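Participant: Sharing a structure, written as structure tokens. Questions coming.
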Amino acid sequence: MSEYIIVTDSVLDIDESWFRKNQVRWVPLSFTLEGHETIEDDFGKTIPLKEFYQELRDGKNVTTAQGTMGQFAVVFEEILQSGKDAVYIGFSSGLSGSYQSACMAADELREKYPAQHIYCVDTKAAAGGQTMLAREAVRCQKEGMPAEELARHIEAVRGHIVHWFTVDDLFYLHRGGRVSKSAAVMGSLVGIKPILFVDDEGHLIPDKKVRGRKNSVEELGRQMVKHMDVDHLKRYSVAISHGDCEADARALANWIRKNTPAKNIDIHILDTVIGAHSGPGTLALFFYGDKRGN
């Protein structure tokens, strides 16, 4: 059985120390914030995450860029040169072109390194959802699962990583082309909070609109009650990611503890690239469930 290295993207909601501890490589996406040069997504080192969200609140313009084929090729080739294989656990192709960049890099290197393998897995997931799959990949690797089997396993599991979230303003998602103008207009009505999910193809789907922030927070919890896999809740953590609204994240965690069997809940601030598209006030919930969607 050949050794292998897990590779993923910088958009995981996790501390950088986790990558070093588990010997996981990552390829950075990047962003350009008004008044700054292009910055590689670096877990808040260049611009602290809370400062980044304040810049968004102040109306600063931000654009993002996917990981490039060249960046993936550098990381993959370093692994192949060491005689190891690579398993890439990628950001949803429904939300970014990074996965396609990785596949192109892998295709280019296969002829040069015929004895090694690069397995590219489209998680169809984002943020905390992709983080859960990356954690699962590391767990399986430590238990001795071979690379090819790991790739198949993550593809099988991904459809059960459920994503539900709410945002304060759909303007950010519309500007990035993630939701339609009509959805953005409806979501801007005073007091109306949109509820969205990520579907099986990794796309953002507006589901419903509720009145008031407290109701929108609890609606995320109600969707968990509706779709949760109780057996998996006993084995795996629930993840909550937020766009600099930690109090709401903790309120959701408390609601979940009172209304579900879940005990282990990870709370993390959204990274810059995801946060640029979802905006301040985003609250996202990720858990193992029966299916994605309603």
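By convention in this document, the chains of the structure tokens carry letters A, B, ... by their order, each chain's residues are numbered from 1, and ligands are numbered from 1 in the order they are shown.
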Would you kindly return, as number ranges by chain, each protein, DNA or RNA residue with an atom no farther than 12 Å from any atom of region 106-112 of chain A, considering only C-alpha atoms and excluding same-chain residues fewer than 2 positions away?
Facilitator: A: 69-81, 85-88, 99-104, 114-121
Participant: Can you write out the residues you just picked, keeping N, CA, C and O atoms, as a short mmCIF file (atom, residue, chain, number, x, y, z; two decimals), in the first residue's frame?
Facilitator:
```
data_model
loop_
_atom_site.label_atom_id
_atom_site.label_comp_id
_atom_site.auth_asym_id
_atom_site.auth_seq_id
_atom_site.Cartn_x
_atom_site.Cartn_y
_atom_site.Cartn_z
N MET A 69 -4.18 26.40 -11.60
CA MET A 69 -3.58 25.13 -12.01
C MET A 69 -2.11 25.07 -11.59
O MET A 69 -1.62 24.04 -11.13
N GLY A 70 -1.42 26.18 -11.74
CA GLY A 70 0.00 26.21 -11.38
C GLY A 70 0.23 25.98 -9.90
O GLY A 70 1.17 25.28 -9.51
N GLN A 71 -0.62 26.56 -9.06
CA GLN A 71 -0.48 26.37 -7.62
C GLN A 71 -0.70 24.91 -7.24
O GLN A 71 0.03 24.36 -6.42
N PHE A 72 -1.73 24.30 -7.83
CA PHE A 72 -1.98 22.89 -7.55
C PHE A 72 -0.83 22.02 -8.05
O PHE A 72 -0.41 21.06 -7.39
N ALA A 73 -0.31 22.35 -9.24
CA ALA A 73 0.77 21.55 -9.82
C ALA A 73 2.00 21.55 -8.92
O ALA A 73 2.66 20.51 -8.74
N VAL A 74 2.32 22.69 -8.33
CA VAL A 74 3.49 22.78 -7.44
C VAL A 74 3.31 21.86 -6.24
O VAL A 74 4.22 21.08 -5.88
N VAL A 75 2.14 21.93 -5.60
CA VAL A 75 1.90 21.10 -4.41
C VAL A 75 1.87 19.62 -4.78
O VAL A 75 2.51 18.79 -4.12
N PHE A 76 1.14 19.29 -5.84
CA PHE A 76 1.06 17.88 -6.24
C PHE A 76 2.43 17.31 -6.60
O PHE A 76 2.77 16.19 -6.23
N GLU A 77 3.22 18.10 -7.35
CA GLU A 77 4.51 17.57 -7.82
C GLU A 77 5.47 17.35 -6.66
O GLU A 77 6.23 16.38 -6.66
N GLU A 78 5.43 18.21 -5.65
CA GLU A 78 6.29 17.99 -4.48
C GLU A 78 5.96 16.66 -3.82
O GLU A 78 6.85 15.94 -3.36
N ILE A 79 4.68 16.33 -3.79
CA ILE A 79 4.25 15.06 -3.18
C ILE A 79 4.69 13.88 -4.05
O ILE A 79 5.24 12.89 -3.55
N LEU A 80 4.46 13.99 -5.36
CA LEU A 80 4.82 12.90 -6.26
C LEU A 80 6.32 12.67 -6.28
O LEU A 80 6.79 11.53 -6.34
N GLN A 81 7.09 13.73 -6.23
CA GLN A 81 8.55 13.60 -6.22
C GLN A 81 9.05 12.85 -4.99
O GLN A 81 10.11 12.23 -5.02
N ASP A 85 1.53 9.28 -3.12
CA ASP A 85 0.35 9.66 -3.87
C ASP A 85 -0.29 10.88 -3.19
O ASP A 85 0.10 11.27 -2.09
N ALA A 86 -1.29 11.46 -3.87
CA ALA A 86 -2.02 12.61 -3.31
C ALA A 86 -3.52 12.36 -3.42
O ALA A 86 -4.00 11.81 -4.42
N VAL A 87 -4.25 12.74 -2.37
CA VAL A 87 -5.71 12.71 -2.39
C VAL A 87 -6.19 14.14 -2.13
O VAL A 87 -5.97 14.68 -1.04
N TYR A 88 -6.80 14.73 -3.13
CA TYR A 88 -7.26 16.11 -3.03
C TYR A 88 -8.73 16.13 -2.63
O TYR A 88 -9.58 15.57 -3.33
N TYR A 99 -11.59 23.29 -8.09
CA TYR A 99 -11.56 21.84 -8.32
C TYR A 99 -11.12 21.53 -9.75
O TYR A 99 -10.31 20.62 -9.98
N GLN A 100 -11.63 22.29 -10.71
CA GLN A 100 -11.24 22.08 -12.10
C GLN A 100 -9.75 22.36 -12.30
O GLN A 100 -9.06 21.64 -13.03
N SER A 101 -9.24 23.40 -11.63
CA SER A 101 -7.80 23.69 -11.70
C SER A 101 -6.98 22.51 -11.19
O SER A 101 -5.95 22.14 -11.77
N ALA A 102 -7.45 21.91 -10.09
CA ALA A 102 -6.74 20.76 -9.51
C ALA A 102 -6.75 19.58 -10.48
O ALA A 102 -5.73 18.90 -10.65
N CYS A 103 -7.90 19.32 -11.10
CA CYS A 103 -7.99 18.21 -12.05
C CYS A 103 -7.07 18.41 -13.24
O CYS A 103 -6.42 17.46 -13.72
N MET A 104 -6.98 19.65 -13.73
CA MET A 104 -6.10 19.94 -14.86
C MET A 104 -4.65 19.72 -14.47
O MET A 104 -3.85 19.17 -15.25
N PRO A 114 4.11 8.32 -13.81
CA PRO A 114 3.16 7.21 -14.03
C PRO A 114 3.07 6.23 -12.86
O PRO A 114 2.09 5.49 -12.75
N ALA A 115 4.06 6.23 -11.98
CA ALA A 115 4.04 5.30 -10.86
C ALA A 115 3.24 5.81 -9.67
O ALA A 115 2.93 5.06 -8.75
N GLN A 116 2.93 7.13 -9.68
CA GLN A 116 2.17 7.72 -8.58
C GLN A 116 0.76 8.08 -9.05
O GLN A 116 0.47 8.15 -10.25
N HIS A 117 -0.11 8.36 -8.08
CA HIS A 117 -1.50 8.67 -8.38
C HIS A 117 -1.95 9.94 -7.66
O HIS A 117 -1.51 10.21 -6.53
N ILE A 118 -2.81 10.70 -8.33
CA ILE A 118 -3.48 11.84 -7.72
C ILE A 118 -4.98 11.57 -7.83
O ILE A 118 -5.51 11.40 -8.92
N TYR A 119 -5.65 11.49 -6.69
CA TYR A 119 -7.09 11.28 -6.65
C TYR A 119 -7.77 12.60 -6.29
O TYR A 119 -7.52 13.16 -5.22
N CYS A 120 -8.59 13.10 -7.19
CA CYS A 120 -9.28 14.36 -6.97
C CYS A 120 -10.74 14.09 -6.60
O CYS A 120 -11.47 13.45 -7.37
N VAL A 121 -11.16 14.57 -5.44
CA VAL A 121 -12.52 14.37 -4.95
C VAL A 121 -13.22 15.72 -4.86
O VAL A 121 -12.77 16.61 -4.13
#
```
Participant: Please identify which residues in region 51-185 of chain A DSSP calls alpha helix (DSSP H) from the backbone, and express them as a VMD selection string.
Facilitator: chain A and resid 51 to 57 69 to 81 98 to 110 127 to 142 147 to 157 171 to 175 181 to 185
Participant: As a PyMOL selection string, please: the residues near region 235-237 of chain A (cut-off 8 Å, only C-alpha atoms, same-chain neighbours under 4 positions excluded).
Facilitator: chain A and resi 231+262-266+287-288
Participant: Write a file of the selected residues as a CSV table (one decimal), in the first residue's frame, keeping all heavy atoms.
Facilitator:
```csv
chain,number,residue,atom,x,y,z
A,231,ASP,N,-27.2,8.5,14.9
A,231,ASP,CA,-26.0,7.6,15.2
A,231,ASP,C,-24.8,8.4,14.9
A,231,ASP,O,-23.8,8.3,15.6
A,231,ASP,CB,-26.1,6.4,14.3
A,231,ASP,CG,-27.2,5.4,14.8
A,231,ASP,OD1,-27.5,5.5,16.0
A,231,ASP,OD2,-27.6,4.6,14.0
A,262,ALA,N,-26.9,16.0,20.1
A,262,ALA,CA,-25.5,16.5,19.8
A,262,ALA,C,-24.9,17.2,21.0
A,262,ALA,O,-25.6,18.0,21.7
A,262,ALA,CB,-25.6,17.5,18.6
A,263,LYS,N,-23.7,16.8,21.3
A,263,LYS,CA,-23.0,17.4,22.4
A,263,LYS,C,-21.7,18.1,21.9
A,263,LYS,O,-21.4,19.2,22.5
A,263,LYS,CB,-22.6,16.3,23.4
A,263,LYS,CG,-23.7,15.5,23.9
A,263,LYS,CD,-24.7,16.4,24.7
A,263,LYS,CE,-25.9,15.6,25.2
A,263,LYS,NZ,-27.0,16.5,25.8
A,264,ASN,N,-21.0,17.6,20.9
A,264,ASN,CA,-19.8,18.2,20.4
A,264,ASN,C,-20.1,19.1,19.3
A,264,ASN,O,-20.6,18.7,18.2
A,264,ASN,CB,-18.8,17.1,20.0
A,264,ASN,CG,-18.4,16.2,21.1
A,264,ASN,OD1,-18.2,16.7,22.2
A,264,ASN,ND2,-18.4,14.9,20.9
A,265,ILE,N,-19.9,20.4,19.5
A,265,ILE,CA,-20.2,21.4,18.5
A,265,ILE,C,-19.0,22.3,18.3
A,265,ILE,O,-18.5,23.0,19.2
A,265,ILE,CB,-21.4,22.3,18.9
A,265,ILE,CG1,-22.6,21.3,19.1
A,265,ILE,CG2,-21.7,23.3,17.8
A,265,ILE,CD1,-23.9,22.1,19.6
A,266,ASP,N,-18.5,22.3,17.1
A,266,ASP,CA,-17.3,23.2,16.8
A,266,ASP,C,-17.8,24.5,16.2
A,266,ASP,O,-18.7,24.5,15.3
A,266,ASP,CB,-16.4,22.5,15.7
A,266,ASP,CG,-15.8,21.2,16.2
A,266,ASP,OD1,-15.5,21.2,17.4
A,266,ASP,OD2,-15.6,20.3,15.4
A,287,PHE,N,-23.9,19.3,9.5
A,287,PHE,CA,-24.1,18.1,10.3
A,287,PHE,C,-24.3,16.9,9.4
A,287,PHE,O,-24.6,17.0,8.2
A,287,PHE,CB,-25.2,18.2,11.3
A,287,PHE,CG,-26.6,18.5,10.6
A,287,PHE,CD1,-27.4,17.5,10.2
A,287,PHE,CD2,-26.9,19.9,10.3
A,287,PHE,CE1,-28.6,17.8,9.6
A,287,PHE,CE2,-28.1,20.1,9.7
A,287,PHE,CZ,-29.0,19.1,9.3
A,288,TYR,N,-24.1,15.7,9.9
A,288,TYR,CA,-24.4,14.5,9.2
A,288,TYR,C,-25.9,14.2,9.2
A,288,TYR,O,-26.5,14.3,10.3
A,288,TYR,CB,-23.7,13.3,9.9
A,288,TYR,CG,-22.2,13.1,9.5
A,288,TYR,CD1,-21.3,13.8,10.2
A,288,TYR,CD2,-21.9,12.3,8.4
A,288,TYR,CE1,-19.9,13.7,9.8
A,288,TYR,CE2,-20.5,12.2,8.1
A,288,TYR,CZ,-19.6,12.9,8.8
A,288,TYR,OH,-18.2,12.7,8.4
```
Participant: Here is a test: counting only C-alpha atoms, which residue of A:Val217, A:Leu270, A:Val162, A:Ser30 is nearest to Thr46 (chain A)?
Facilitator: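 Result for the nearest residue to Thr46 (chain A): A:Ser30.
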Participant: Hey, can you check how far CA of His227 (chain A) sits from CA of Ala137 (chain A)?
Facilitator: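 Distance between the two atoms: 22.9 Å.
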Participant: In Å, with one decimal, what is the gap from CA of Gly279 (chain A) to CA of Ala249 (chain A)?
Facilitator: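 Taking CA of Gly279 (chain A) and CA of Ala249 (chain A), their separation equals 14.9 Å.
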